[in-house]
Amino acid sequence: MIIKNIGKLAGIVPEGVLRKEGAAQGETGVLENAWLSIEDGRIAAFGPMSSCPSERSEESLDAEGGMIMPGFCDSHTHVVYAGSRDGEFLDKINGLSYEEIAARGGGILNSSDLLNRTSEEQLYTQSMSRVREMMDKGTVAMEIKSGYGLCPEGELKMLRVIDRIRHSVPACVKSTFLGAHAIGRGYSHEDYVQMVIGLIPEAARLADFVDVFCDEGFFTVEDTERILRAAEHLLTPKIHANELAVSGGVQVGVKHGALSVDHLERTTSAEIEALKGSRTMPTMLPGSSFFLGLPYGRAKDFIKAGLGVALASDYNPGSSPCGDMRFVMAQGCIKMRLTPVEAFNAVTLNSAYAMGISAEYGSITLGKKAALLLTHPGWDLTRLAYQYQTPFIRQVLLP
Ligand code: NIG
Ligand code: FE
């Protein structure tokens, strides 16, 4: 298939660039008035309209001046959950903090009770509606975590549902075992950590990554260290760190070769130093800063220090009930002062890197999956973040 009359072909990156760091995060290739061809679901060729191959037998699509860009990559979500936590919304509005709601038995434990009462079939149906909602908004690749089962049966049920979703949609789905999300009911802290460690070999048959909520009131650096050691050679780490406190989660993640450390609402220069020269992608989740009233991550300082930054939605019932990656990108600009191109790279290539798929997704590069968005005429990367609620997608193209 060939797409012609593309107003802007945005997000062109040479082969072999797997992430954008420092000043490079502010740059991406844009070709005006272009064409692009797709073969076997991959980007086969592109160029200016002046060099457009003449009609052959292939199917052609007229972009009519619309922009073609890589679809959004969302490297941190919890979209497999049961029901909702709208019952806690009023408590939150009335001033209770995330920690206070959790301490009352609300929060993650509330979602866990609901999940363990919900059938696997129902859980799949409810979760699929969120996955479809994300895809309609332009997400072509997503990571989904367990972490609301909090017992062996519940966690494995979640991982099976994620696996079923993976086989049901054309979007790319990566799976993370987040057994260490909270202490499950009826367990002591130590018994629970041991349960998580014991479950790793079975979880590793279904999941790609392991995650630990390494934060005040949840899991310590020592717990995290034990879990990551047990998962070595089985699951690559991605860590929840520094959401509620300066937790040490960044350092322990870097030490164990984590692909990403996520949240980072509270960081000091020590975290920036620890990340320098590592393979770990700092990932910030502005949707949870917005919803919980937390500080926004210091994305700009990370980039100034030469690091790359990814942004993800954190779509979940407790701290970010929204999976709209364009809203994430807009918050990156408006609240974190990223330029539109820095924010764009954060929600495409760098977020793909944070789930280990940036050789295949996240940019316009020869040979990558043709997981693309075609916009209505007249759109560009700045307007995407600026006019963040006006419908912009004409078509989501997925291999
Ligand atoms: O990333 N911080 C921990 N986990 C989720 C929230 C989960 C929940 O509240 O249900 C997060 O924000
Ligand atoms: Fe999260």
# chains A, B, ... in the order shown; residues from 1 in each chain; ligands from 1
>>> residues_around(residues="A:Ala231", least_positions_apart="5", cutoff="9 Å", atoms="only C-alpha atoms", output="PyMOL selection string")
chain A and resi 197+200-201+204+210+226+236-237
>>> write_last_selection(atoms="C-alpha atoms", output="PDB file, in the first residue's frame")
ATOM      1  CA  ILE A 197       9.454 -14.508  44.940  1.00  0.00           C
ATOM      2  CA  ILE A 200       8.290 -15.589  39.710  1.00  0.00           C
ATOM      3  CA  PRO A 201       9.050 -18.764  37.698  1.00  0.00           C
ATOM      4  CA  ALA A 204       7.799 -15.572  33.857  1.00  0.00           C
ATOM      5  CA  VAL A 210       8.933  -7.611  36.673  1.00  0.00           C
ATOM      6  CA  ARG A 226      15.433  -9.677  46.803  1.00  0.00           C
ATOM      7  CA  THR A 236      13.709  -7.649  33.056  1.00  0.00           C
ATOM      8  CA  PRO A 237      12.910  -5.052  35.749  1.00  0.00           C
TER       9      PRO A 237
END
>>> residues_near_ligand(ligand="ligand 2", cutoff="8 Å", atoms="only C-alpha atoms and all ligand atoms", output="PDB file with N, CA, C and O atoms, in the first residue's frame")
ATOM      1  N   HIS A  76       3.531   2.218  30.410  1.00  0.00           N
ATOM      2  CA  HIS A  76       3.184   1.985  31.818  1.00  0.00           C
ATOM      3  C   HIS A  76       1.675   2.123  31.989  1.00  0.00           C
ATOM      4  O   HIS A  76       1.149   3.237  31.994  1.00  0.00           O
ATOM      5  N   THR A  77       0.993   0.975  32.088  1.00  0.00           N
ATOM      6  CA  THR A  77      -0.446   1.025  32.376  1.00  0.00           C
ATOM      7  C   THR A  77      -0.841  -0.107  33.318  1.00  0.00           C
ATOM      8  O   THR A  77      -0.131  -1.100  33.457  1.00  0.00           O
ATOM      9  N   HIS A  78      -2.003   0.094  33.940  1.00  0.00           N
ATOM     10  CA  HIS A  78      -2.620  -0.940  34.786  1.00  0.00           C
ATOM     11  C   HIS A  78      -4.063  -1.103  34.290  1.00  0.00           C
ATOM     12  O   HIS A  78      -5.001  -1.016  35.080  1.00  0.00           O
ATOM     13  N   HIS A 240       8.531   0.912  39.855  1.00  0.00           N
ATOM     14  CA  HIS A 240       7.788   2.080  40.359  1.00  0.00           C
ATOM     15  C   HIS A 240       8.650   2.736  41.439  1.00  0.00           C
ATOM     16  O   HIS A 240       8.900   2.098  42.485  1.00  0.00           O
ATOM     17  N   ASP A 262      10.019   4.354  36.888  1.00  0.00           N
ATOM     18  CA  ASP A 262       8.826   5.110  36.538  1.00  0.00           C
ATOM     19  C   ASP A 262       8.223   5.863  37.727  1.00  0.00           C
ATOM     20  O   ASP A 262       8.343   5.402  38.867  1.00  0.00           O
ATOM     21  N   HIS A 263       7.577   6.962  37.423  1.00  0.00           N
ATOM     22  CA  HIS A 263       6.943   7.937  38.337  1.00  0.00           C
ATOM     23  C   HIS A 263       7.897   9.114  38.522  1.00  0.00           C
ATOM     24  O   HIS A 263       7.741  10.130  37.892  1.00  0.00           O
ATOM     25  N   ASP A 314       0.073   5.659  32.765  1.00  0.00           N
ATOM     26  CA  ASP A 314      -0.216   5.058  34.076  1.00  0.00           C
ATOM     27  C   ASP A 314      -1.705   4.722  34.227  1.00  0.00           C
ATOM     28  O   ASP A 314      -2.191   4.622  35.355  1.00  0.00           O
ATOM     29  N   TYR A 315      -2.440   4.598  33.138  1.00  0.00           N
ATOM     30  CA  TYR A 315      -3.887   4.352  33.193  1.00  0.00           C
ATOM     31  C   TYR A 315      -4.205   3.308  34.267  1.00  0.00           C
ATOM     32  O   TYR A 315      -3.801   2.158  34.177  1.00  0.00           O
ATOM     33  N   ASN A 316      -4.902   3.718  35.326  1.00  0.00           N
ATOM     34  CA  ASN A 316      -5.277   2.828  36.430  1.00  0.00           C
ATOM     35  C   ASN A 316      -6.427   3.467  37.189  1.00  0.00           C
ATOM     36  O   ASN A 316      -6.698   4.655  37.037  1.00  0.00           O
TER      37      ASN A 316
END
>>> closest_residue(among="A:Ser37, A:Ser54, A:Ser188, A:Thr139", to="A:Leu373", atoms="only C-alpha atoms")
A:Thr139
>>> select_by_dssp(residues="stretch 26-256 of chain A", states="helix (DSSP H, G or I)", output="PyMOL selection string")
chain A and resi 26+49-51+86-93+98-103+107-117+120-136+152-166+189-203+221-231+249-255
>>> closest_residue(among="A:His181, A:Arg117, A:His233, A:Arg130", to="ligand 1", atoms="only C-alpha atoms and all ligand atoms")
A:His181
>>> residues_near_ligand(ligand="ligand 1", cutoff="10 Å", atoms="only C-alpha atoms and all ligand atoms", output="ChimeraX atom specification")
/A:76-79,81,84-85,98-99,101-102,106-112,145,147-148,178,180-182,212-215,218,239-244,262-263,285,287-289,291-292,313-321
>>> write_last_selection(atoms="C-alpha atoms", output="mmCIF file, in the first residue's frame")
data_model
loop_
_atom_site.group_PDB
_atom_site.id
_atom_site.type_symbol
_atom_site.label_atom_id
_atom_site.label_comp_id
_atom_site.auth_asym_id
_atom_site.auth_seq_id
_atom_site.Cartn_x
_atom_site.Cartn_y
_atom_site.Cartn_z
ATOM 1 C CA HIS A 76 3.184 1.985 31.818
ATOM 2 C CA THR A 77 -0.446 1.025 32.376
ATOM 3 C CA HIS A 78 -2.620 -0.940 34.786
ATOM 4 C CA VAL A 79 -5.638 -1.288 32.452
ATOM 5 C CA TYR A 81 -8.644 -4.068 36.628
ATOM 6 C CA SER A 84 -13.851 1.300 39.269
ATOM 7 C CA ARG A 85 -12.755 3.311 42.296
ATOM 8 C CA TYR A 98 -3.466 8.621 48.218
ATOM 9 C CA GLU A 99 -1.743 7.198 51.311
ATOM 10 C CA ILE A 101 -7.170 6.358 51.237
ATOM 11 C CA ALA A 102 -4.884 3.295 51.057
ATOM 12 C CA GLY A 106 -9.210 1.689 49.992
ATOM 13 C CA GLY A 107 -6.770 2.108 47.160
ATOM 14 C CA ILE A 108 -5.029 -0.882 45.629
ATOM 15 C CA LEU A 109 -6.578 -3.316 48.179
ATOM 16 C CA ASN A 110 -10.032 -2.142 47.193
ATOM 17 C CA SER A 111 -9.247 -2.949 43.528
ATOM 18 C CA SER A 112 -7.782 -6.277 44.648
ATOM 19 C CA LYS A 145 0.849 -4.747 34.622
ATOM 20 C CA GLY A 147 -0.757 -6.147 40.657
ATOM 21 C CA TYR A 148 -4.428 -6.235 41.678
ATOM 22 C CA LEU A 178 3.757 -6.507 39.492
ATOM 23 C CA ALA A 180 4.811 -6.446 44.638
ATOM 24 C CA HIS A 181 2.207 -3.703 44.233
ATOM 25 C CA ALA A 182 0.831 -3.855 47.812
ATOM 26 C CA VAL A 212 8.052 -3.518 42.299
ATOM 27 C CA PHE A 213 6.290 -0.532 43.910
ATOM 28 C CA CYS A 214 9.444 0.594 45.707
ATOM 29 C CA ASP A 215 8.072 3.447 47.770
ATOM 30 C CA PHE A 218 4.814 -0.247 50.162
ATOM 31 C CA ILE A 239 10.411 -0.182 38.733
ATOM 32 C CA HIS A 240 7.788 2.080 40.359
ATOM 33 C CA ALA A 241 10.009 4.579 42.188
ATOM 34 C CA ASN A 242 9.923 7.944 43.913
ATOM 35 C CA GLU A 243 6.207 8.640 43.646
ATOM 36 C CA LEU A 244 5.499 9.155 47.334
ATOM 37 C CA ASP A 262 8.826 5.110 36.538
ATOM 38 C CA HIS A 263 6.943 7.937 38.337
ATOM 39 C CA LEU A 285 3.556 9.835 34.463
ATOM 40 C CA GLY A 287 -1.516 11.871 34.546
ATOM 41 C CA SER A 288 -0.952 10.752 38.135
ATOM 42 C CA SER A 289 0.603 14.092 39.100
ATOM 43 C CA PHE A 291 -4.999 13.392 39.387
ATOM 44 C CA LEU A 292 -3.274 13.148 42.787
ATOM 45 C CA SER A 313 -0.286 7.296 30.953
ATOM 46 C CA ASP A 314 -0.216 5.058 34.076
ATOM 47 C CA TYR A 315 -3.887 4.352 33.193
ATOM 48 C CA ASN A 316 -5.277 2.828 36.430
ATOM 49 C CA PRO A 317 -8.340 3.221 38.675
ATOM 50 C CA GLY A 318 -6.571 4.955 41.586
ATOM 51 C CA SER A 319 -4.131 7.550 40.358
ATOM 52 C CA SER A 320 -4.733 8.093 36.646
ATOM 53 C CA PRO A 321 -8.081 6.977 35.239
#
>>> residues_around(residues="A:Pro282", least_positions_apart="3", cutoff="9 Å", atoms="only C-alpha atoms", output="CSV table (one decimal) with C-alpha atoms, in the first residue's frame")
chain,number,residue,atom,x,y,z
A,250,VAL,CA,15.9,4.5,41.0
A,259,LEU,CA,14.7,-1.0,31.4
A,260,SER,CA,12.8,1.9,33.1
A,261,VAL,CA,12.2,3.5,36.4
A,262,ASP,CA,8.8,5.1,36.5
A,263,HIS,CA,6.9,7.9,38.3
A,264,LEU,CA,9.9,10.0,39.7
A,275,LEU,CA,20.8,7.3,35.7
A,299,ALA,CA,11.8,16.1,33.0
A,302,PHE,CA,16.8,15.2,33.2
A,307,LEU,CA,19.3,11.8,29.7
A,308,GLY,CA,16.2,10.8,27.8
A,309,VAL,CA,12.8,10.9,29.2
A,310,ALA,CA,9.7,8.8,28.4
A,311,LEU,CA,6.1,9.7,29.3
A,354,ALA,CA,11.0,1.7,28.0
>>> closest_residue(among="A:Lys137, A:Lys174, A:His167, A:Lys238", to="A:Tyr388", atoms="only C-alpha atoms")
A:Lys137
>>> select_by_dssp(residues="stretch 74-188 of chain A", states="strand (DSSP E)", output="PyMOL selection string")
chain A and resi 74+139-145+172-180
>>> write_last_selection(atoms="all heavy atoms", output="compact mmCIF listing (two decimals), in the first residue's frame")
# COMPACT_ATOMS: atom_id res chain seq x y z
N ASP A 74 2.69 3.44 24.93
CA ASP A 74 2.36 3.70 26.34
C ASP A 74 3.01 2.61 27.20
O ASP A 74 2.49 1.51 27.33
CB ASP A 74 0.84 3.73 26.50
CG ASP A 74 0.41 4.27 27.86
OD1 ASP A 74 1.29 4.41 28.74
OD2 ASP A 74 -0.79 4.55 28.03
N THR A 139 -3.06 4.88 20.54
CA THR A 139 -2.00 4.06 21.14
C THR A 139 -1.87 2.76 20.33
O THR A 139 -2.84 2.04 20.14
CB THR A 139 -2.33 3.76 22.62
OG1 THR A 139 -2.31 5.01 23.32
CG2 THR A 139 -1.30 2.82 23.24
N VAL A 140 -0.66 2.48 19.87
CA VAL A 140 -0.41 1.29 19.04
C VAL A 140 0.43 0.25 19.76
O VAL A 140 0.61 -0.86 19.27
CB VAL A 140 0.27 1.67 17.71
CG1 VAL A 140 -0.63 2.58 16.88
CG2 VAL A 140 1.64 2.31 17.94
N ALA A 141 1.00 0.61 20.92
CA ALA A 141 1.79 -0.34 21.70
C ALA A 141 1.62 0.05 23.16
O ALA A 141 1.66 1.23 23.50
CB ALA A 141 3.26 -0.28 21.31
N MET A 142 1.42 -0.96 24.01
CA MET A 142 1.20 -0.66 25.43
C MET A 142 1.76 -1.77 26.30
O MET A 142 1.84 -2.92 25.90
CB MET A 142 -0.30 -0.51 25.71
CG MET A 142 -1.08 -1.79 25.55
SD MET A 142 -2.86 -1.55 25.68
CE MET A 142 -3.27 -0.88 24.08
N GLU A 143 2.15 -1.38 27.50
CA GLU A 143 2.55 -2.35 28.52
C GLU A 143 1.39 -2.41 29.51
O GLU A 143 0.74 -1.39 29.76
CB GLU A 143 3.83 -1.85 29.21
CG GLU A 143 4.34 -2.70 30.36
CD GLU A 143 3.97 -2.13 31.71
OE1 GLU A 143 3.03 -1.34 31.79
OE2 GLU A 143 4.64 -2.48 32.69
N ILE A 144 1.10 -3.61 30.02
CA ILE A 144 0.03 -3.77 31.02
C ILE A 144 0.59 -4.57 32.20
O ILE A 144 1.25 -5.59 32.00
CB ILE A 144 -1.21 -4.49 30.45
CG1 ILE A 144 -1.67 -3.86 29.13
CG2 ILE A 144 -2.34 -4.49 31.47
CD1 ILE A 144 -2.84 -4.59 28.46
N LYS A 145 0.30 -4.11 33.42
CA LYS A 145 0.85 -4.75 34.62
C LYS A 145 -0.20 -5.58 35.35
O LYS A 145 -1.39 -5.24 35.33
CB LYS A 145 1.35 -3.67 35.59
CG LYS A 145 2.46 -2.80 35.02
CD LYS A 145 2.80 -1.67 35.98
CE LYS A 145 3.64 -0.58 35.32
NZ LYS A 145 4.97 -1.01 34.90
N CYS A 172 0.64 -3.78 19.84
CA CYS A 172 1.65 -4.57 20.56
C CYS A 172 1.37 -4.48 22.06
O CYS A 172 1.15 -3.38 22.58
CB CYS A 172 3.03 -4.00 20.23
SG CYS A 172 4.35 -4.76 21.17
N VAL A 173 1.34 -5.60 22.75
CA VAL A 173 1.07 -5.61 24.20
C VAL A 173 2.21 -6.30 24.93
O VAL A 173 2.57 -7.44 24.60
CB VAL A 173 -0.28 -6.32 24.51
CG1 VAL A 173 -0.49 -6.43 26.01
CG2 VAL A 173 -1.44 -5.57 23.85
N LYS A 174 2.80 -5.63 25.89
CA LYS A 174 3.84 -6.21 26.74
C LYS A 174 3.28 -6.40 28.15
O LYS A 174 2.46 -5.59 28.60
CB LYS A 174 5.06 -5.27 26.79
CG LYS A 174 5.83 -5.26 25.48
CD LYS A 174 6.60 -6.54 25.36
CE LYS A 174 7.27 -6.69 24.01
NZ LYS A 174 7.95 -7.99 23.88
N SER A 175 3.77 -7.43 28.83
CA SER A 175 3.16 -7.83 30.09
C SER A 175 4.16 -7.74 31.25
O SER A 175 5.31 -8.18 31.11
CB SER A 175 2.68 -9.28 29.91
OG SER A 175 2.27 -9.82 31.14
N THR A 176 3.72 -7.20 32.36
CA THR A 176 4.60 -7.04 33.53
C THR A 176 4.00 -7.67 34.77
O THR A 176 2.84 -7.41 35.11
CB THR A 176 4.85 -5.53 33.78
OG1 THR A 176 5.49 -4.98 32.64
CG2 THR A 176 5.75 -5.32 35.00
N PHE A 177 4.80 -8.47 35.47
CA PHE A 177 4.39 -9.07 36.75
C PHE A 177 4.69 -8.08 37.86
O PHE A 177 5.84 -7.85 38.21
CB PHE A 177 5.14 -10.38 36.96
CG PHE A 177 4.91 -10.98 38.32
CD1 PHE A 177 3.62 -11.16 38.82
CD2 PHE A 177 5.98 -11.39 39.11
CE1 PHE A 177 3.40 -11.72 40.08
CE2 PHE A 177 5.78 -11.95 40.38
CZ PHE A 177 4.48 -12.12 40.86
N LEU A 178 3.62 -7.48 38.40
CA LEU A 178 3.76 -6.51 39.49
C LEU A 178 3.11 -7.10 40.75
O LEU A 178 2.24 -6.50 41.36
CB LEU A 178 3.13 -5.15 39.08
CG LEU A 178 3.00 -4.03 40.11
CD1 LEU A 178 4.35 -3.62 40.70
CD2 LEU A 178 2.32 -2.80 39.51
N GLY A 179 3.53 -8.33 41.11
CA GLY A 179 3.01 -8.92 42.34
C GLY A 179 3.27 -7.98 43.52
O GLY A 179 2.43 -7.82 44.42
N ALA A 180 4.44 -7.33 43.53
CA ALA A 180 4.81 -6.45 44.64
C ALA A 180 4.23 -5.05 44.42
O ALA A 180 4.95 -4.06 44.27
CB ALA A 180 6.33 -6.39 44.77
>>> atom_distance(atom1="atom CA of A:Cys52", atom2="atom CA of A:Lys8")
14.8 Å
>>> closest_residue(among="A:Ala274, A:Met195, A:Ile357, A:Val252", to="A:Cys73", atoms="only C-alpha atoms")
A:Ile357
>>> residues_around(residues="A:Val169", least_positions_apart="4", cutoff="9 Å", atoms="only C-alpha atoms", output="number ranges by chain")
A: 131-132, 165, 173
>>> residues_around(residues="stretch 62-70 of chain A", least_positions_apart="3", cutoff="10 Å", atoms="only C-alpha atoms", output="PyMOL selection string")
chain A and resi 2-12+30-36+73+138-140+344+347-349+361-365+368-381+392-397
>>> atom_distance(atom1="atom CA of A:Gly253", atom2="atom CA of A:Met281")
10.3 Å
>>> residues_around(residues="A:Glu153", least_positions_apart="2", cutoff="12 Å", atoms="only C-alpha atoms", output="ChimeraX atom specification")
/A:112,115-117,119-120,146-151,155-160,179,184,195-196,199,202-203
>>> write_last_selection(atoms="N, CA and C atoms", output="CSV table (one decimal), in the first residue's frame")
chain,number,residue,atom,x,y,z
A,112,SER,N,-8.1,-4.9,44.5
A,112,SER,CA,-7.8,-6.3,44.6
A,112,SER,C,-9.0,-7.1,45.1
A,115,LEU,N,-11.2,-7.4,42.1
A,115,LEU,CA,-10.7,-8.2,41.0
A,115,LEU,C,-10.9,-9.7,41.4
A,116,ASN,N,-10.6,-10.0,42.7
A,116,ASN,CA,-10.7,-11.4,43.1
A,116,ASN,C,-12.2,-11.9,43.1
A,117,ARG,N,-13.1,-11.0,43.1
A,117,ARG,CA,-14.5,-11.4,43.0
A,117,ARG,C,-15.0,-11.5,41.6
A,119,SER,N,-15.0,-12.6,37.6
A,119,SER,CA,-14.6,-13.8,36.8
A,119,SER,C,-13.5,-13.4,35.8
A,120,GLU,N,-12.7,-14.3,35.3
A,120,GLU,CA,-11.7,-14.1,34.4
A,120,GLU,C,-12.3,-13.5,33.1
A,146,SER,N,0.3,-6.6,36.0
A,146,SER,CA,-0.6,-7.3,37.0
A,146,SER,C,-0.5,-6.4,38.3
A,147,GLY,N,-0.9,-6.9,39.4
A,147,GLY,CA,-0.8,-6.1,40.7
A,147,GLY,C,-2.0,-5.8,41.4
A,148,TYR,N,-3.2,-6.4,40.9
A,148,TYR,CA,-4.4,-6.2,41.7
A,148,TYR,C,-4.9,-7.6,42.1
A,149,GLY,N,-4.1,-8.6,41.9
A,149,GLY,CA,-4.5,-10.0,42.4
A,149,GLY,C,-4.1,-10.1,43.8
A,150,LEU,N,-2.8,-9.8,44.0
A,150,LEU,CA,-2.1,-9.8,45.3
A,150,LEU,C,-2.3,-11.2,46.1
A,151,CYS,N,-2.4,-12.2,45.3
A,151,CYS,CA,-2.4,-13.6,45.8
A,151,CYS,C,-2.1,-14.4,44.5
A,155,GLU,N,-3.0,-13.0,40.8
A,155,GLU,CA,-1.9,-12.5,39.9
A,155,GLU,C,-1.9,-13.3,38.6
A,156,LEU,N,-2.0,-14.6,38.7
A,156,LEU,CA,-1.9,-15.4,37.5
A,156,LEU,C,-3.1,-15.2,36.6
A,157,LYS,N,-4.3,-15.0,37.2
A,157,LYS,CA,-5.5,-14.6,36.4
A,157,LYS,C,-5.2,-13.3,35.6
A,158,MET,N,-4.7,-12.3,36.3
A,158,MET,CA,-4.4,-11.1,35.6
A,158,MET,C,-3.4,-11.3,34.4
A,159,LEU,N,-2.4,-12.1,34.7
A,159,LEU,CA,-1.4,-12.3,33.6
A,159,LEU,C,-2.0,-13.1,32.4
A,160,ARG,N,-2.9,-14.0,32.7
A,160,ARG,CA,-3.6,-14.7,31.6
A,160,ARG,C,-4.5,-13.8,30.8
A,179,GLY,N,3.5,-8.3,41.1
A,179,GLY,CA,3.0,-8.9,42.3
A,179,GLY,C,3.3,-8.0,43.5
A,184,GLY,N,-0.8,-8.2,50.0
A,184,GLY,CA,-2.2,-8.8,49.9
A,184,GLY,C,-2.8,-9.1,51.2
A,195,MET,N,6.0,-14.9,49.0
A,195,MET,CA,5.0,-15.4,48.0
A,195,MET,C,5.4,-14.9,46.6
A,196,VAL,N,5.7,-13.6,46.5
A,196,VAL,CA,6.0,-13.0,45.2
A,196,VAL,C,7.2,-13.7,44.6
A,199,LEU,N,6.5,-17.0,43.2
A,199,LEU,CA,5.6,-17.0,42.0
A,199,LEU,C,6.3,-16.6,40.7
A,202,GLU,N,6.6,-19.1,37.6
A,202,GLU,CA,5.4,-19.3,36.9
A,202,GLU,C,4.9,-18.0,36.1
A,203,ALA,N,5.1,-16.9,36.8
A,203,ALA,CA,4.8,-15.6,36.2
A,203,ALA,C,5.6,-15.4,34.9
